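Report on one structure; see the data block that follows.
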Amino acid sequence: MSTAAPRSLADQLRSWSDQELAHLVGRRPDLAVPAPQDSTQLASRAAARPSVLRILDQLDLLELTVLEAAVVLGAGARSDEVVGVVRADPEPARAALDELRAVALLWGTDDDLRPLSVLPDVLGPLAAGTREAVRRDSDDVRAALAAVSDAARALLDHVEGHGLVGTVEHADRVVTPERARTPVEELLAHGLLVATDARHVAVPPDVAIVLRGGRTTREDVGTPPPLATAERSARLVDSAAAGAAVELVQRVELLLESWGAAPPGVLRTGGLGVRDLKAAAALLGTDDAGAALVCEVAASAHLLAMGEGEDGAAVWLPTDAFDLWRSRPTAQQWADLAAAWLALPRAAGLVRTRDAKDRPRNALGDGLDRPWLPRDRRDLLAALGELRPGEVLAATTGPPSLAALLEWRRPRRPAERRSLLADVLEEAAVLGVTALGGLSAAGRGLLAGDPADALAPLIPDPVDHILLQADLTAVAPGPLEHELAMRLATVADVESRGGATVYRFDAQTVRRAFDAGWSAQEVQSFIAESSRTPVPQPLVYLIDDVARRFGTVRVGSATAFLRSDDEQALTELVHDPRAAALRLRRIAPTVVVTDAPTDVLMTRLRELGVAPVLEAADGTVRVARRAGLRAATPRAGRGEAVAQVREAARVSAVVRAVRAGDRAVAARPVGEAPGSASPAAVLALLRDAVEASRTVWIGYTDNHGSVSERVVEPRRVDGGWLTAYDSRADDERAFALHRITAVRPL
C-alpha cells in the first residue's frame with residue numbers, strides 16, 4: 001500500500017495497484033454495480049452509508065474494535081496509537097488495521113489515519129460518543145475522576161459497564177461542580193458524562209478509555225474463543241456420516257418416486273400443504289422438519305419443481321433431471337444434494353412457524369428465504385474444519401462454544417442468524433456433512449469442492465440380493481443395486497432403514513405390482529431370483545391369493561361398464577352404499593354399467609377394495625405400466641468453479657474500467673467545456689487519429705444525456721459513426737459522431 005500522503009480517499013485509490021483495487025472490489029462487490037467511471041466515483045460509493053454497513057457486517061470483533069479505536073482517536077491518529085489502545089496483541093491488531101485500510105474504511109498514511117465520516121453514526125456507542133464529547137488529555141480525565149464523590153464514581157462505573165449510555169430525569173440541567181446536588185449532576189458538571197438529549201447521558205470516549213485502563217475494551221478482543229472439544233475416532237465420524245449420506249439419498253429417491261406417481265398439490269399461496277408434509281414425513285420415517293429439509297434440498301438440486309398434473313392443476317413433481325440423477329453412483333448423488341444444501345438460501349428449520357404477520361411458513365413456500373444462510377453454513381463448517389482429525393465438539397459445551405466463536409467472527413450478525421445456528425448444525429448432521437460433532441471427510445471434501453471422491457470409499461458396494469423371511473419381510477443387507485431397489489419398491493414397502501433395510505410384503509403392495517403390469521409369474525420369479533434364501537410359503541400363498549382375485553372385475557368405456565363372471569361380487573358391489581355415487585345399474589347377471597368416467601370408476605373401485613383391470617374393445621385385458629409424471633427441470637445455477645471464474649473476470653473488468661476512467665479524467669482538456677468543439681473539428685481530429693493510429697480523449701453524451709469521458713483508439717470513421725477500441729470496456733465500440741462533444745489527441 002502506498003505511503004504517500006493522499007489528499008482524499010479518491011486520491012489514495014488512484015495510487016493503489018491493480019491488486020489492491022481488485023481486493024477492495026472483491027471484499028465489497030456492491031461498489032462495482034454498475035462499474036464506477038473512475039476512482040472518484042469509486043471513493044464516493046465506498047463512503048456511502050449502505051455500502052459501509054455491508055462491509056461492517058463482514059468484520060470480526062478485532063477488526064471492529066480497531067476501527068472503533070481509530071474513530072475514537074479521530075482524524076490524524078497514528079497507526080501505533082490505534083494499535084496501542086486496542087486490548088489485543090499488536091501483531092493481529094496491526095493486521096486488522098491493514099485490512100481496514102485495504103477495504104477503504106480507513107485511508108491516509110501510518111502517521112495520519114482518516115476514518116470515513118459516516119463511521120461514528122454506524123458503529124457502537126463508544127464511536128458515537130465522539131460527536132458530543134470534547135477530547136481531553138488522560139491526566140485531565142483522571143483529575144476529574146478524583147474530584148467526584150464515591151456515589152458518582154459508582155454510578156459512572158455502572159453506566160460504563162452497561163453500554164456507555166444511561167437514562168436520567170434531567171440531562172439538560174447545567175450546573176457547576178460546586179452546585180451539583182446529585183451524582184448525575186456531579187458527573188455532568190465534571191464532563192464525565194455528556195447529555196445526548198433531555199433524558200439520556202453517555203460516557204465520553206476519553207473517559208471510557210481511562211476507566212478501561214487506557215484501552216477501548218475491558219476484554220481481550222484479539223483471541224477467538226476456543227472450541228470445547230472431545231476425542232472421537234475420525235473413522236467412526238466418517239462411517240456415521242456416510243450412513244447419514246446414504247440415508248439422505250434413499251429418502252430423496254423414495255419421496256420423488258412416490259410424488260411422480262401421486263404428486264401433492266401446490267397451495268394457493270405457494271408451497272406444500274401441512275397434510276402433504278406429514279404424509280411425506282411418514283413415508284420417509286422422519287419428522288416434519290426432516291421431511292421439509294428433504295423437500296427443500298431436492299428443489300435446490302433441481303430434482304423437484306412445480307409442474308402440471310393430469311387434471312391441469314399445479315402439483316409438485318420430480319423433474320427430468322431426477323431420472324438422470326438416480327442413475328448416478330450414490331456418492332455423486334449425495335454430492336449433488338450436499339452442494340445444493342450448501343448454497344441453499346432458505347431456512348428449512350422455519351417450516352411450521354409463523355412470520356411477523358402471523359402467516360404460516362410452509363415447505364417450498366414463501367417466507368423461508370435468508371440470503372445470508374450460505375455464508376453462515378460455510379462459516380460454521382470452516383470452524384469445524386479447523387479441528388484436527390479425531391477431535392469433535394463436546395456433546396454439551398461444544399455447540400455453545402461454536403456459537404461464541406461465530407459470534408466473534410461476525411459480531412454484527414442479526415439475532416435470527418444466531419438462533420438458526422442449531423438448525424444448521426442439525427441439517428449438517430442429517431446430510432452427513434458432520435457426524436458425532438465433527439466434520440466428516442465428506443464434509444471437508446464439500447468445502448474443497450470435491451465431495452464425491454471423499455465419500456465414495458466410505459460407501460459399501462451395492463448388493464444384488466435380499467434375504468426373505470417367514471413373516472412376509474425381506475432384508476436388504478446393504479444398499480441395493482439401483483434396478484433391484486426400484487423393482488423391489490414396486491412389490492414391497494420399506495418398513496425400516498439403517499445398516500440393513502427391511503421391506504414388507506402385503507396384499508396392497510402385491511396388487512400394486514399387478515397394477516403396474518406384472519403377472520403373478522413375474523412377481524414370483526423376481527422374488528425367487530433376488531433372494532439368497534428360499535421363498536417362504538406364506539409369501540407364495542399371498543401372491544396366489546391376490547392373483548386369484550385380481551382382474552375378476554373388468555372395466556370398459558361404454559360410458560363405462562363392469563363385467564365379471566362372479567355374479568355374487570357384482571351383486572355386493574351394486575348394493576354397497578359406498579358405491580352409490582357411481583350410479584351402478586345391472587343390465588345382465590355378469591354386466592353392470594355406469595355413466596361415471598373410466599378413470600373415476602377405476603380409482604373408486606380400488607378404494608372399495610376391488611382390483612379391476614381395463615378391458616379393450618376386443619375383450620383383452622390392457623394393463624399398462626404407468627410412467628411417473630415429470631416437471632421441467634429448472635435452469636441450473638452456475639457451478640462453484642464457474643462462479644469463481646466469472647467473479648474474477650468481473651473484478652478485473654471493474655479495475656480496468658476505473659483505470660480507464662482515471663486516464664480519461666487526467667487527459668481532460670484544461671479550461672475546455674464539453675461541447676465546445678465544432679462537428680467539423682471533431683471529424684477532422686478523429687480522421688487524423690485513424691490515419692496516425694493515435695489514442696484520443698473524447699467527451700461523449702449517451703442516450704440518457706449523461707456526459708462521460710473516454711480514452712479510445714479510433715479504428716475507422718464511416719457513416720456517421722466512429723468505431724474505436726474503448727479501454728474502459730476492453731472492446732471495440734461504435735460511437736455516434738453527433739454525440740461526441742470534444743476530442744483531444746493524447
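Ordered as shown in the C-alpha cells, chains take letters A, B, and onward, while each chain numbers its residues from 1 and ligands are numbered from 1 in the order shown.
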>> Env of His482 (chain A): 9 Å cut, atoms = only C-alpha atoms, seq-sep filter 3 positions within chain, self excluded. Answer as a PyMOL selection string.
In response: chain A and resi 326-327+462+479+485-487
Expected file: the selected residues, C-alpha atoms, as a compact mmCIF listing (two decimals), in the first residue's frame:
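Saved result, result_3.txt, follows:
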```txt
# COMPACT_ATOMS: atom_id res chain seq x y z
CA ARG A 326 -30.84 -41.54 -9.79
CA SER A 327 -28.79 -43.40 -12.40
CA PRO A 462 -24.27 -52.19 -3.61
CA PRO A 479 -27.54 -50.56 -0.29
CA ALA A 485 -34.13 -51.40 -5.44
CA MET A 486 -36.63 -49.88 -7.88
CA ARG A 487 -38.25 -53.23 -8.72
```
>> Quick check for you: according to DSSP on this backbone, which residues of region 467-551 of chain A are classed as helix (DSSP H, G or I)? Reply as a PyMOL selection string.
In response: chain A and resi 482-491+507-515+520-530+537-549
> Could you pull the residues within 8 Å of Val274 (chain A), counting only C-alpha atoms, minus those fewer than 3 positions along the same chain, as a ChimeraX atom specification?
Replying inline: /A:277-278,362
> What does the distance between CA of Ala736 (chain A) and CA of Asp688 (chain A) come to in Å, to one decimal place?
Replying inline: 17.4 Å
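DSSP secondary structure from the backbone places Gly265, Val266, Leu272, Leu304, Ala305, Met306, Gly307, Glu308, Ala314, Val315, Trp316, Leu317, Pro318, Thr319, Arg346, Arg354, Pro360, Asp369, Glu391, Val392, Leu393, Thr434, Ala435, Gly438, Leu439 and Val463 of chain A of region 257-463 of chain A in strand (DSSP E or B).
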Written file, previous selection with C-alpha atoms, as a PDB file, in the first residue's frame:
```pdb
ATOM      1  CA  GLY A 265     -50.866 -30.174  -4.924  1.00  0.00           C
ATOM      2  CA  VAL A 266     -49.402 -26.692  -4.686  1.00  0.00           C
ATOM      3  CA  LEU A 272     -46.531 -27.668   0.276  1.00  0.00           C
ATOM      4  CA  LEU A 304     -38.188 -31.208  -7.641  1.00  0.00           C
ATOM      5  CA  ALA A 305     -40.222 -28.416  -9.193  1.00  0.00           C
ATOM      6  CA  MET A 306     -43.729 -27.143  -9.726  1.00  0.00           C
ATOM      7  CA  GLY A 307     -45.446 -28.829 -12.670  1.00  0.00           C
ATOM      8  CA  GLU A 308     -48.823 -29.673 -14.118  1.00  0.00           C
ATOM      9  CA  ALA A 314     -50.311 -27.197 -10.218  1.00  0.00           C
ATOM     10  CA  VAL A 315     -48.527 -30.006  -8.377  1.00  0.00           C
ATOM     11  CA  TRP A 316     -45.049 -30.793  -7.061  1.00  0.00           C
ATOM     12  CA  LEU A 317     -43.267 -33.189  -9.409  1.00  0.00           C
ATOM     13  CA  PRO A 318     -39.807 -34.682  -9.861  1.00  0.00           C
ATOM     14  CA  THR A 319     -38.036 -33.067 -12.791  1.00  0.00           C
ATOM     15  CA  ARG A 346     -33.696 -20.986   2.563  1.00  0.00           C
ATOM     16  CA  ARG A 354     -45.268 -18.111  11.682  1.00  0.00           C
ATOM     17  CA  PRO A 360     -47.677 -19.859   8.428  1.00  0.00           C
ATOM     18  CA  ASP A 369     -35.545 -17.058   2.081  1.00  0.00           C
ATOM     19  CA  GLU A 391     -11.343 -34.045  17.568  1.00  0.00           C
ATOM     20  CA  VAL A 392     -15.046 -33.148  17.672  1.00  0.00           C
ATOM     21  CA  LEU A 393     -17.308 -30.743  19.522  1.00  0.00           C
ATOM     22  CA  THR A 434     -20.988 -33.734  10.015  1.00  0.00           C
ATOM     23  CA  ALA A 435     -21.404 -36.608  12.439  1.00  0.00           C
ATOM     24  CA  GLY A 438     -17.153 -33.400  13.931  1.00  0.00           C
ATOM     25  CA  LEU A 439     -16.701 -32.524  10.277  1.00  0.00           C
ATOM     26  CA  VAL A 463     -25.627 -55.695  -3.066  1.00  0.00           C
TER      27      VAL A 463
END
```
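Among A:Asp220, A:Asp358, A:Asp662, A:Asp471, the residue with the shortest atom-to-atom distance to Val535 (chain A), counting only C-alpha atoms, is A:Asp471.
Our summary of the geometry notes that CA of Asp336 (chain A) is positioned 6.6 Å from CA of Ala301 (chain A).
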>> Would you pick out the contacts of region 574-584 of chain A at 12 Å or less, using only C-alpha atoms, so that residues sharing its chain but fewer than 2 positions from it are not included, and give the list as a PyMOL selection string?
In response: chain A and resi 559-563+567-572+586-587+589-610
Take the selection from the previous step and output its residues with N, CA and C atoms, as an mmCIF file, in the first residue's frame.
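What landed in result02.cif:
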```cif
data_model
loop_
_atom_site.group_PDB
_atom_site.id
_atom_site.type_symbol
_atom_site.label_atom_id
_atom_site.label_comp_id
_atom_site.auth_asym_id
_atom_site.auth_seq_id
_atom_site.Cartn_x
_atom_site.Cartn_y
_atom_site.Cartn_z
ATOM 1 N N THR A 559 -70.290 -45.688 -21.579
ATOM 2 C CA THR A 559 -69.517 -44.745 -20.812
ATOM 3 C C THR A 559 -68.590 -45.482 -19.864
ATOM 4 N N ALA A 560 -69.056 -46.456 -19.189
ATOM 5 C CA ALA A 560 -68.203 -47.441 -18.547
ATOM 6 C C ALA A 560 -69.077 -48.630 -18.191
ATOM 7 N N PHE A 561 -68.502 -49.806 -18.285
ATOM 8 C CA PHE A 561 -69.245 -50.990 -17.876
ATOM 9 C C PHE A 561 -68.346 -51.850 -17.009
ATOM 10 N N LEU A 562 -68.987 -52.667 -16.190
ATOM 11 C CA LEU A 562 -68.287 -53.623 -15.353
ATOM 12 C C LEU A 562 -68.771 -55.013 -15.737
ATOM 13 N N ARG A 563 -67.860 -55.942 -16.003
ATOM 14 C CA ARG A 563 -68.215 -57.313 -16.361
ATOM 15 C C ARG A 563 -67.429 -58.258 -15.483
ATOM 16 N N GLU A 567 -70.959 -63.460 -10.198
ATOM 17 C CA GLU A 567 -72.201 -62.717 -10.046
ATOM 18 C C GLU A 567 -72.370 -62.202 -8.617
ATOM 19 N N GLN A 568 -71.935 -62.972 -7.644
ATOM 20 C CA GLN A 568 -72.076 -62.558 -6.251
ATOM 21 C C GLN A 568 -71.269 -61.293 -5.979
ATOM 22 N N ALA A 569 -70.060 -61.184 -6.591
ATOM 23 C CA ALA A 569 -69.235 -59.984 -6.390
ATOM 24 C C ALA A 569 -69.914 -58.752 -6.964
ATOM 25 N N LEU A 570 -70.550 -58.910 -8.158
ATOM 26 C CA LEU A 570 -71.259 -57.774 -8.742
ATOM 27 C C LEU A 570 -72.456 -57.384 -7.893
ATOM 28 N N THR A 571 -73.155 -58.372 -7.354
ATOM 29 C CA THR A 571 -74.321 -58.081 -6.514
ATOM 30 C C THR A 571 -73.917 -57.274 -5.286
ATOM 31 N N GLU A 572 -72.828 -57.681 -4.636
ATOM 32 C CA GLU A 572 -72.359 -56.956 -3.453
ATOM 33 C C GLU A 572 -71.925 -55.542 -3.815
ATOM 34 N N ARG A 586 -77.399 -52.669 -13.115
ATOM 35 C CA ARG A 586 -77.128 -54.026 -13.598
ATOM 36 C C ARG A 586 -77.999 -54.306 -14.821
ATOM 37 N N ILE A 587 -77.365 -54.702 -15.920
ATOM 38 C CA ILE A 587 -78.112 -54.980 -17.151
ATOM 39 C C ILE A 587 -78.068 -56.458 -17.522
ATOM 40 N N PRO A 589 -76.720 -60.561 -15.559
ATOM 41 C CA PRO A 589 -76.146 -61.160 -14.350
ATOM 42 C C PRO A 589 -74.672 -60.879 -14.175
ATOM 43 N N THR A 590 -73.949 -60.715 -15.322
ATOM 44 C CA THR A 590 -72.500 -60.511 -15.206
ATOM 45 C C THR A 590 -72.052 -59.144 -15.704
ATOM 46 N N VAL A 591 -73.002 -58.209 -15.960
ATOM 47 C CA VAL A 591 -72.638 -56.900 -16.516
ATOM 48 C C VAL A 591 -73.356 -55.801 -15.753
ATOM 49 N N VAL A 592 -72.574 -54.762 -15.390
ATOM 50 C CA VAL A 592 -73.111 -53.555 -14.749
ATOM 51 C C VAL A 592 -72.578 -52.363 -15.528
ATOM 52 N N VAL A 593 -73.419 -51.350 -15.753
ATOM 53 C CA VAL A 593 -72.990 -50.151 -16.480
ATOM 54 C C VAL A 593 -73.115 -48.943 -15.562
ATOM 55 N N THR A 594 -72.398 -47.871 -15.948
ATOM 56 C CA THR A 594 -72.421 -46.619 -15.179
ATOM 57 C C THR A 594 -72.085 -45.469 -16.113
ATOM 58 N N ASP A 595 -72.526 -44.275 -15.724
ATOM 59 C CA ASP A 595 -72.168 -43.082 -16.509
ATOM 60 C C ASP A 595 -70.935 -42.381 -15.946
ATOM 61 N N ALA A 596 -70.270 -42.987 -14.971
ATOM 62 C CA ALA A 596 -69.049 -42.391 -14.408
ATOM 63 C C ALA A 596 -67.886 -42.601 -15.376
ATOM 64 N N PRO A 597 -66.971 -41.605 -15.484
ATOM 65 C CA PRO A 597 -65.800 -41.775 -16.353
ATOM 66 C C PRO A 597 -64.956 -42.961 -15.898
ATOM 67 N N THR A 598 -64.233 -43.533 -16.855
ATOM 68 C CA THR A 598 -63.459 -44.747 -16.571
ATOM 69 C C THR A 598 -62.407 -44.520 -15.492
ATOM 70 N N ASP A 599 -61.680 -43.375 -15.585
ATOM 71 C CA ASP A 599 -60.618 -43.153 -14.605
ATOM 72 C C ASP A 599 -61.179 -42.968 -13.210
ATOM 73 N N VAL A 600 -62.352 -42.286 -13.110
ATOM 74 C CA VAL A 600 -63.001 -42.127 -11.803
ATOM 75 C C VAL A 600 -63.475 -43.480 -11.287
ATOM 76 N N LEU A 601 -64.034 -44.276 -12.171
ATOM 77 C CA LEU A 601 -64.551 -45.586 -11.784
ATOM 78 C C LEU A 601 -63.425 -46.492 -11.285
ATOM 79 N N MET A 602 -62.313 -46.514 -12.013
ATOM 80 C CA MET A 602 -61.191 -47.360 -11.599
ATOM 81 C C MET A 602 -60.673 -46.959 -10.222
ATOM 82 N N THR A 603 -60.522 -45.643 -10.013
ATOM 83 C CA THR A 603 -59.997 -45.162 -8.735
ATOM 84 C C THR A 603 -60.935 -45.522 -7.589
ATOM 85 N N ARG A 604 -62.245 -45.315 -7.794
ATOM 86 C CA ARG A 604 -63.211 -45.572 -6.717
ATOM 87 C C ARG A 604 -63.308 -47.062 -6.398
ATOM 88 N N LEU A 605 -63.235 -47.906 -7.420
ATOM 89 C CA LEU A 605 -63.317 -49.342 -7.178
ATOM 90 C C LEU A 605 -62.124 -49.827 -6.366
ATOM 91 N N ARG A 606 -60.941 -49.273 -6.658
ATOM 92 C CA ARG A 606 -59.763 -49.660 -5.875
ATOM 93 C C ARG A 606 -59.931 -49.237 -4.417
ATOM 94 N N GLU A 607 -60.545 -48.063 -4.214
ATOM 95 C CA GLU A 607 -60.780 -47.612 -2.842
ATOM 96 C C GLU A 607 -61.744 -48.534 -2.105
ATOM 97 N N LEU A 608 -62.640 -49.170 -2.863
ATOM 98 C CA LEU A 608 -63.613 -50.076 -2.249
ATOM 99 C C LEU A 608 -63.044 -51.480 -2.039
ATOM 100 N N GLY A 609 -61.781 -51.676 -2.411
ATOM 101 C CA GLY A 609 -61.149 -52.966 -2.192
ATOM 102 C C GLY A 609 -61.229 -53.904 -3.369
ATOM 103 N N VAL A 610 -61.781 -53.440 -4.501
ATOM 104 C CA VAL A 610 -61.859 -54.259 -5.707
ATOM 105 C C VAL A 610 -60.574 -54.055 -6.495
#
```
> Neighbours of Arg49 (chain A) within 10 Å (only C-alpha atoms; same-chain residues fewer than 2 positions away dropped), as a ChimeraX atom specification?
Replying inline: /A:45-47,51-54,116-119,121-122
Hey, can you spit out that residue selection with N, CA and C atoms as a PDB file, in the first residue's frame?
```
ATOM      1  N   ARG A  45     -18.781   5.872  -3.605  1.00  0.00           N
ATOM      2  CA  ARG A  45     -19.578   4.699  -3.232  1.00  0.00           C
ATOM      3  C   ARG A  45     -19.033   4.050  -1.960  1.00  0.00           C
ATOM      4  N   ALA A  46     -17.714   4.000  -1.834  1.00  0.00           N
ATOM      5  CA  ALA A  46     -17.113   3.360  -0.663  1.00  0.00           C
ATOM      6  C   ALA A  46     -17.469   4.081   0.625  1.00  0.00           C
ATOM      7  N   ALA A  47     -17.741   5.377   0.551  1.00  0.00           N
ATOM      8  CA  ALA A  47     -18.063   6.156   1.748  1.00  0.00           C
ATOM      9  C   ALA A  47     -19.559   6.244   1.999  1.00  0.00           C
ATOM     10  N   SER A  51     -23.220   0.988   1.782  1.00  0.00           N
ATOM     11  CA  SER A  51     -22.050   0.150   1.483  1.00  0.00           C
ATOM     12  C   SER A  51     -21.208  -0.074   2.733  1.00  0.00           C
ATOM     13  N   VAL A  52     -21.060   0.954   3.559  1.00  0.00           N
ATOM     14  CA  VAL A  52     -20.281   0.817   4.796  1.00  0.00           C
ATOM     15  C   VAL A  52     -20.942  -0.200   5.724  1.00  0.00           C
ATOM     16  N   LEU A  53     -22.267  -0.177   5.812  1.00  0.00           N
ATOM     17  CA  LEU A  53     -22.963  -1.136   6.665  1.00  0.00           C
ATOM     18  C   LEU A  53     -22.741  -2.571   6.182  1.00  0.00           C
ATOM     19  N   ARG A  54     -22.704  -2.763   4.876  1.00  0.00           N
ATOM     20  CA  ARG A  54     -22.488  -4.121   4.345  1.00  0.00           C
ATOM     21  C   ARG A  54     -21.117  -4.651   4.728  1.00  0.00           C
ATOM     22  N   LEU A 116     -13.661   7.097   7.652  1.00  0.00           N
ATOM     23  CA  LEU A 116     -14.767   7.653   6.885  1.00  0.00           C
ATOM     24  C   LEU A 116     -15.691   8.436   7.808  1.00  0.00           C
ATOM     25  N   SER A 117     -16.244   9.518   7.304  1.00  0.00           N
ATOM     26  CA  SER A 117     -17.048  10.415   8.142  1.00  0.00           C
ATOM     27  C   SER A 117     -18.333   9.773   8.632  1.00  0.00           C
ATOM     28  N   VAL A 118     -18.818   8.714   7.936  1.00  0.00           N
ATOM     29  CA  VAL A 118     -20.082   8.091   8.325  1.00  0.00           C
ATOM     30  C   VAL A 118     -19.914   7.113   9.482  1.00  0.00           C
ATOM     31  N   LEU A 119     -18.700   6.735   9.823  1.00  0.00           N
ATOM     32  CA  LEU A 119     -18.469   5.674  10.811  1.00  0.00           C
ATOM     33  C   LEU A 119     -19.005   5.981  12.207  1.00  0.00           C
ATOM     34  N   ASP A 121     -21.644   7.261  13.054  1.00  0.00           N
ATOM     35  CA  ASP A 121     -23.089   7.045  13.077  1.00  0.00           C
ATOM     36  C   ASP A 121     -23.475   5.577  12.971  1.00  0.00           C
ATOM     37  N   VAL A 122     -22.557   4.721  12.541  1.00  0.00           N
ATOM     38  CA  VAL A 122     -22.923   3.326  12.295  1.00  0.00           C
ATOM     39  C   VAL A 122     -22.195   2.346  13.205  1.00  0.00           C
TER      40      VAL A 122
END
```
>> Need to verify the contact set: region 9-11 of chain A, 9 Å, only C-alpha atoms, exclusion of same-chain residues closer than 5 positions in sequence. Can you return it as a list in words?
In response: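 Once the adjacent positions are removed, what remains is Asp38, Ser39, Thr40, Gln41, Leu42, Ala43, Ser44, Ala47, Ala104, Leu106, Trp107, Gly108, Arg114 and Leu116 of chain A.
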>> Give me the residues near Ala452 (chain A) as an MDAnalysis selection string, where near means some atom within 8 Å (using only C-alpha atoms) and where sequence neighbours in that chain fewer than 3 positions away do not count.
In response: chainID A and resid 331:332 334:335 442 445 455:456
> Pick from A:Val690, A:Ala729, A:Leu480, A:Val294: nearest to Ala660 (chain A), with only C-alpha atoms counted?
Replying inline: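 Between A:Val690, A:Ala729, A:Leu480, A:Val294, the residue approaching Ala660 (chain A) most closely is A:Ala729.
When only C-alpha atoms are used to compute distances to Leu100 (chain A), the closest of the residues A:Val85, A:Leu56, A:Ala127, A:Ala198 turns out to be A:Leu56.
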